[in-house]
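The structure appears right after this line, and notes come after that.
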Amino acid sequence: MRTASRTFAGLFSVLVLACCWPASGLAAEAPQPTPAPANDELANAQLVRALPATIAGSTVGATQEAREPESNCGVATVSSVWYTLRTPAAARVAIDLAAGGALDGTIDVYHAVRSQLQSLGCERTDAHGKAALSFPASKNGVYEIRIAALPGSQLAPFTLDVFLPTPAVNPPGQPLGAGGAAGQVDRIQNINAAYFVNMRAGVSYLVNLANRTPGGCVSATLYAPGTRSFEEGTTLAHIKCGGYRLFTPGAGQGGRYVVELTPRLSHTGVQRFHLQVAAASSAETAPGLSLANYARVRGHLNGGGVRVLRLYRLEVTSHSNLTLKLKAPVAAEFNLQLRGQNGHVIECQCGSSGAQMLQHQLRPGRYYAVVSVRGTSAGNFTLTRESRTITTTSISFSRARVGAGQPLAIAVGIAPGLSGPVTVQIERFDPVFGWQFYRQDSAFARAGRARIAFTPPAVGRWRAKASFGGSRAASPSAVGYRYLLVS
């Protein structure tokens, strides 16, 4: 028993000594900090020697200098590293950043002019850790590239690709056929596209640009004949993010026109488009197609081509109520507009799809109905016009006072002298319970006039009101009471 106790006690003593009185051989060493990358500071930026270049970098261990410039992305950043690029000749330079791990960061490019850094652009990594940008570099230019992590982000390695993208297309570009052209642009590799088309003076042309990428925004700019540089050329028309324009060359201005297409720089990836130019017909520009009263016309629109609108001319001969009814598929995104002779929009059923109806009171004159497409929607449609003259109804008794049992006439007038059904309602007055219905008579107005015979059966107060039921060419109307005293 003693032996066991001594043994246990001795073992306990050894354990206590080992635990509580560390010897030099048993002490735990503190972890050493991760060394900063060699290009942690701007003064030690890594030189990008030749293009294309693929560089493996890392923000692990990176710090931030006290007077380091802020990111032009408008967010705080930490843990940055630097790269220097010298360009012997003027060129557009592109940079792709692929972040590893869960690194969220920014890529900034600065033009170094003596001691100053001028920001040329910035991009944040997306949900996949990717970021890309391009910038125009000058001959013998010096550019500083800064990769930095966002606060709270994991610090991790990354891959940086620096290269010269496909050069920008110069005018005049490729010929544009009758069926148009489909293509794609992006902010890095294919920063523009160009096409040329011959136009004659005095001929109106529809220029339509259809965007084919959700979230994309391809824009088109039309340049005059003889354009040699898009930077110095004369801009004649611009279509932003798709749409259409009507363009007519002036006197002596026929020739080869150039269209440049450019992407939205904030959108990553390719942006597809379809461009088409065609001479406009009378269905697409003034004078437009005649739309007679109660006429029904059919058409087809396609936002992917040049059949993007139909113009109809309305002649209104009297103060009237106009109803335009558009029948189209539920998915067809069409606008229905009513415009005045001077082109101003009177009313618009815009932003809807499928069947639509527009109603408005119009004075005599010339008006236009426009059916147009939105985006790349397409479909057939039917447009119907209904114009009915606005009328006023009047009523009068042939005498103001009569005796009981004496016949008289109730005259109803319809202005402006139209024909149609007329209804007259006659009421008598009860001194206790007020006005009471007596009878209702019907007649037919011819050339704006109708008469109804009435013989009051008893003394007292009487009154009558009239309504005009309208017709195919005339709107309904009504008039209030006229009074008669029977003695």
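The chains in the structure tokens are called A, B, ... from first to last as shown; in each chain the residues are counted from 1, and the ligands are counted from 1 in the order shown.
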Considering only C-alpha atoms, give me a table of residues in segment 443-480 of chain A that are at most 6 Å from segment 384-406 of chain A, with the closest atom pair and distance in Å for each, as JSON lines.
{"residue": "A:Thr455", "atom": "CA", "partner": "A:Gln406", "partner_atom": "CA", "distance": 5.7}
{"residue": "A:Pro456", "atom": "CA", "partner": "A:Gly405", "partner_atom": "CA", "distance": 5.6}
{"residue": "A:Pro457", "atom": "CA", "partner": "A:Gly405", "partner_atom": "CA", "distance": 5.1}
{"residue": "A:Ala458", "atom": "CA", "partner": "A:Ala404", "partner_atom": "CA", "distance": 4.9}
{"residue": "A:Val459", "atom": "CA", "partner": "A:Ala404", "partner_atom": "CA", "distance": 5.4}
{"residue": "A:Ala473", "atom": "CA", "partner": "A:Arg388", "partner_atom": "CA", "distance": 4.6}
{"residue": "A:Ala474", "atom": "CA", "partner": "A:Arg388", "partner_atom": "CA", "distance": 4.4}
{"residue": "A:Ser475", "atom": "CA", "partner": "A:Arg388", "partner_atom": "CA", "distance": 5.2}
{"residue": "A:Ser477", "atom": "CA", "partner": "A:Thr392", "partner_atom": "CA", "distance": 5.7}
{"residue": "A:Ala478", "atom": "CA", "partner": "A:Thr393", "partner_atom": "CA", "distance": 5.4}
{"residue": "A:Val479", "atom": "CA", "partner": "A:Thr393", "partner_atom": "CA", "distance": 5.5}
Discussion item. Show me, as a PyMOL selection string, the residues that have an atom within 8 Å of Ala168 of chain A when counting only C-alpha atoms, minus same-chain residues fewer than 6 positions from it.
Written reply: chain A and resi 190-193
Item to complete: May I ask which of the residues A:Phe381, A:Phe273, A:Tyr368, A:Phe433 is the closest one to Leu301 of chain A, counting only C-alpha atoms?
Response: A:Phe381
Worksheet entry | Pick from A:Thr106, A:Thr235, A:Thr213, A:Ser318 nearest to Ala131 of chain A, counting only C-alpha atoms | A:Thr106
Discussion item. Just list as an MDAnalysis selection string whatever in segment 108-273 of chain A DSSP marks as strand (DSSP E).
Written reply: chainID A and resid 108:113 116:124 130:137 141:149 157:163 174:175 181:185 193:199 205:211 219:223 235:239 243:247 255:262 271:273
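Using only C-alpha atoms, the contacts of Gly288 of chain A at a cut-off of 9 Å, with sequence neighbours closer than 3 positions omitted, comprise Ser281, Ser282, Ala283, Glu284, Thr285, Arg310, Leu311, Tyr312, Arg313 and Tyr368 of chain A.
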With N, CA and C atoms retained, could you export that selection as a short mmCIF file (atom, residue, chain, number, x, y, z; two decimals), in the first residue's frame?
data_model
loop_
_atom_site.label_atom_id
_atom_site.label_comp_id
_atom_site.auth_asym_id
_atom_site.auth_seq_id
_atom_site.Cartn_x
_atom_site.Cartn_y
_atom_site.Cartn_z
N SER A 281 -42.21 53.22 -95.00
CA SER A 281 -43.34 53.30 -95.92
C SER A 281 -44.38 54.28 -95.39
N SER A 282 -45.46 54.50 -96.15
CA SER A 282 -46.52 55.40 -95.72
C SER A 282 -47.26 54.86 -94.50
N ALA A 283 -47.04 53.59 -94.17
CA ALA A 283 -47.65 53.03 -92.97
C ALA A 283 -46.83 53.36 -91.72
N GLU A 284 -45.63 53.93 -91.91
CA GLU A 284 -44.75 54.20 -90.79
C GLU A 284 -44.38 55.66 -90.63
N THR A 285 -44.70 56.49 -91.62
CA THR A 285 -44.41 57.91 -91.53
C THR A 285 -45.53 58.66 -92.25
N ARG A 310 -47.11 51.40 -86.64
CA ARG A 310 -48.05 51.70 -87.72
C ARG A 310 -48.71 53.03 -87.40
N LEU A 311 -48.77 53.90 -88.43
CA LEU A 311 -49.30 55.25 -88.29
C LEU A 311 -50.60 55.37 -89.08
N TYR A 312 -51.69 55.80 -88.40
CA TYR A 312 -53.01 55.92 -89.05
C TYR A 312 -53.51 57.36 -88.92
N ARG A 313 -54.11 57.83 -90.01
CA ARG A 313 -54.59 59.20 -90.09
C ARG A 313 -56.11 59.23 -89.91
N TYR A 368 -53.84 61.53 -85.43
CA TYR A 368 -53.10 60.32 -85.79
C TYR A 368 -53.19 59.30 -84.66
#
Discussion item. As a list in words, please: the residues near Ala409 of chain A (cut-off 6 Å, only C-alpha atoms, same-chain neighbours under 6 positions excluded).
Written reply: Ser398, Ile452, Ala453 and Phe454 of chain A
Residue contacts of Arg245 of chain A (8 Å, only C-alpha atoms) excluding same-chain residues fewer than 2 positions away, as a PDB file with C-alpha atoms, in the first residue's frame:
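result-v5.pdb, written as the output of this step:
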ATOM      1  CA  LEU A 206     -36.311  53.511 -89.842  1.00  0.00           C
ATOM      2  CA  VAL A 207     -33.304  52.519 -87.737  1.00  0.00           C
ATOM      3  CA  ASN A 208     -34.147  49.823 -85.186  1.00  0.00           C
ATOM      4  CA  ALA A 237     -28.832  60.362 -83.982  1.00  0.00           C
ATOM      5  CA  ILE A 239     -30.517  55.188 -79.682  1.00  0.00           C
ATOM      6  CA  GLY A 243     -35.409  51.310 -79.726  1.00  0.00           C
ATOM      7  CA  PHE A 247     -33.947  59.544 -90.010  1.00  0.00           C
TER       8      PHE A 247
END
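By only C-alpha atoms, and with residues fewer than 2 positions from Arg92 of chain A along its chain excluded, the set lying at most 12 Å from it is Leu51, Thr87, Ala89, Ala90, Ala94, Ile95, Leu133, Ser134, Phe135, Pro136, Ala137, Ser138, Lys139, Gly141, Val162, Phe163, Leu164, Pro165, Thr166, Pro167, Ala168, Arg187, Ile188, Gln189, Asn190 and Ile191 of chain A.
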Worksheet item: Rounded to one decimal in Å, what is the spacing between atom CA of Gly121 of chain A and atom CA of Gln184 of chain A?
Response: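 It comes out at 23.0 Å.
Distances to Val270 of chain A were evaluated for A:Pro287, A:Gly379, A:Gly177, A:Gly216 using only C-alpha atoms, and the minimum falls at A:Gly216.
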Within 12 Å of Arg366 of chain A, counting only C-alpha atoms, which residues qualify if same-chain residues fewer than 2 places away don't, as a PDB file with N, CA and C atoms, in the first residue's frame?
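out.pdb written:
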ATOM      1  N   PRO A 287     -47.873  60.590 -94.747  1.00  0.00           N
ATOM      2  CA  PRO A 287     -49.159  60.972 -94.138  1.00  0.00           C
ATOM      3  C   PRO A 287     -49.838  59.867 -93.347  1.00  0.00           C
ATOM      4  N   GLY A 288     -49.312  58.662 -93.326  1.00  0.00           N
ATOM      5  CA  GLY A 288     -49.949  57.574 -92.610  1.00  0.00           C
ATOM      6  C   GLY A 288     -51.081  56.956 -93.409  1.00  0.00           C
ATOM      7  N   SER A 290     -54.991  55.971 -93.995  1.00  0.00           N
ATOM      8  CA  SER A 290     -56.291  56.526 -93.620  1.00  0.00           C
ATOM      9  C   SER A 290     -57.079  55.511 -92.796  1.00  0.00           C
ATOM     10  N   LEU A 291     -57.661  55.992 -91.701  1.00  0.00           N
ATOM     11  CA  LEU A 291     -58.505  55.158 -90.849  1.00  0.00           C
ATOM     12  C   LEU A 291     -59.882  55.804 -90.772  1.00  0.00           C
ATOM     13  N   ALA A 292     -60.797  55.298 -91.600  1.00  0.00           N
ATOM     14  CA  ALA A 292     -62.145  55.863 -91.661  1.00  0.00           C
ATOM     15  C   ALA A 292     -62.942  55.458 -90.426  1.00  0.00           C
ATOM     16  N   TYR A 312     -51.692  55.797 -88.404  1.00  0.00           N
ATOM     17  CA  TYR A 312     -53.007  55.921 -89.045  1.00  0.00           C
ATOM     18  C   TYR A 312     -53.505  57.358 -88.923  1.00  0.00           C
ATOM     19  N   ARG A 313     -54.106  57.826 -90.010  1.00  0.00           N
ATOM     20  CA  ARG A 313     -54.593  59.204 -90.091  1.00  0.00           C
ATOM     21  C   ARG A 313     -56.108  59.229 -89.906  1.00  0.00           C
ATOM     22  N   LEU A 314     -56.591  60.096 -89.000  1.00  0.00           N
ATOM     23  CA  LEU A 314     -58.014  60.207 -88.706  1.00  0.00           C
ATOM     24  C   LEU A 314     -58.502  61.604 -89.065  1.00  0.00           C
ATOM     25  N   GLU A 315     -59.539  61.687 -89.875  1.00  0.00           N
ATOM     26  CA  GLU A 315     -60.182  62.964 -90.181  1.00  0.00           C
ATOM     27  C   GLU A 315     -61.455  63.059 -89.345  1.00  0.00           C
ATOM     28  N   VAL A 316     -61.509  64.055 -88.483  1.00  0.00           N
ATOM     29  CA  VAL A 316     -62.667  64.253 -87.603  1.00  0.00           C
ATOM     30  C   VAL A 316     -63.426  65.477 -88.107  1.00  0.00           C
ATOM     31  N   THR A 317     -64.697  65.299 -88.458  1.00  0.00           N
ATOM     32  CA  THR A 317     -65.479  66.370 -89.088  1.00  0.00           C
ATOM     33  C   THR A 317     -66.414  67.088 -88.128  1.00  0.00           C
ATOM     34  N   SER A 318     -66.590  66.587 -86.915  1.00  0.00           N
ATOM     35  CA  SER A 318     -67.467  67.244 -85.941  1.00  0.00           C
ATOM     36  C   SER A 318     -66.940  66.999 -84.543  1.00  0.00           C
ATOM     37  N   LEU A 338     -52.692  58.482 -79.249  1.00  0.00           N
ATOM     38  CA  LEU A 338     -53.463  59.439 -80.045  1.00  0.00           C
ATOM     39  C   LEU A 338     -52.669  60.729 -80.074  1.00  0.00           C
ATOM     40  N   ARG A 339     -52.350  61.200 -81.282  1.00  0.00           N
ATOM     41  CA  ARG A 339     -51.555  62.417 -81.439  1.00  0.00           C
ATOM     42  C   ARG A 339     -52.312  63.456 -82.255  1.00  0.00           C
ATOM     43  N   GLY A 340     -52.013  64.726 -81.967  1.00  0.00           N
ATOM     44  CA  GLY A 340     -52.604  65.820 -82.713  1.00  0.00           C
ATOM     45  C   GLY A 340     -51.886  66.051 -84.023  1.00  0.00           C
ATOM     46  N   GLN A 341     -52.399  66.994 -84.797  1.00  0.00           N
ATOM     47  CA  GLN A 341     -51.815  67.280 -86.112  1.00  0.00           C
ATOM     48  C   GLN A 341     -50.381  67.778 -85.985  1.00  0.00           C
ATOM     49  N   ASN A 342     -50.054  68.413 -84.862  1.00  0.00           N
ATOM     50  CA  ASN A 342     -48.699  68.921 -84.649  1.00  0.00           C
ATOM     51  C   ASN A 342     -47.787  67.893 -83.993  1.00  0.00           C
ATOM     52  N   GLY A 343     -48.296  66.696 -83.782  1.00  0.00           N
ATOM     53  CA  GLY A 343     -47.474  65.626 -83.254  1.00  0.00           C
ATOM     54  C   GLY A 343     -47.514  65.452 -81.751  1.00  0.00           C
ATOM     55  N   LEU A 362     -62.878  64.930 -79.194  1.00  0.00           N
ATOM     56  CA  LEU A 362     -62.061  65.630 -80.185  1.00  0.00           C
ATOM     57  C   LEU A 362     -62.870  66.701 -80.903  1.00  0.00           C
ATOM     58  N   ARG A 363     -62.216  67.817 -81.169  1.00  0.00           N
ATOM     59  CA  ARG A 363     -62.772  68.860 -82.026  1.00  0.00           C
ATOM     60  C   ARG A 363     -62.496  68.494 -83.486  1.00  0.00           C
ATOM     61  N   PRO A 364     -63.169  69.102 -84.422  1.00  0.00           N
ATOM     62  CA  PRO A 364     -62.884  68.804 -85.831  1.00  0.00           C
ATOM     63  C   PRO A 364     -61.418  69.063 -86.162  1.00  0.00           C
ATOM     64  N   TYR A 368     -53.836  61.534 -85.425  1.00  0.00           N
ATOM     65  CA  TYR A 368     -53.103  60.321 -85.794  1.00  0.00           C
ATOM     66  C   TYR A 368     -53.191  59.299 -84.664  1.00  0.00           C
ATOM     67  N   ALA A 369     -53.394  58.062 -85.038  1.00  0.00           N
ATOM     68  CA  ALA A 369     -53.332  56.942 -84.108  1.00  0.00           C
ATOM     69  C   ALA A 369     -52.055  56.163 -84.407  1.00  0.00           C
TER      70      ALA A 369
END
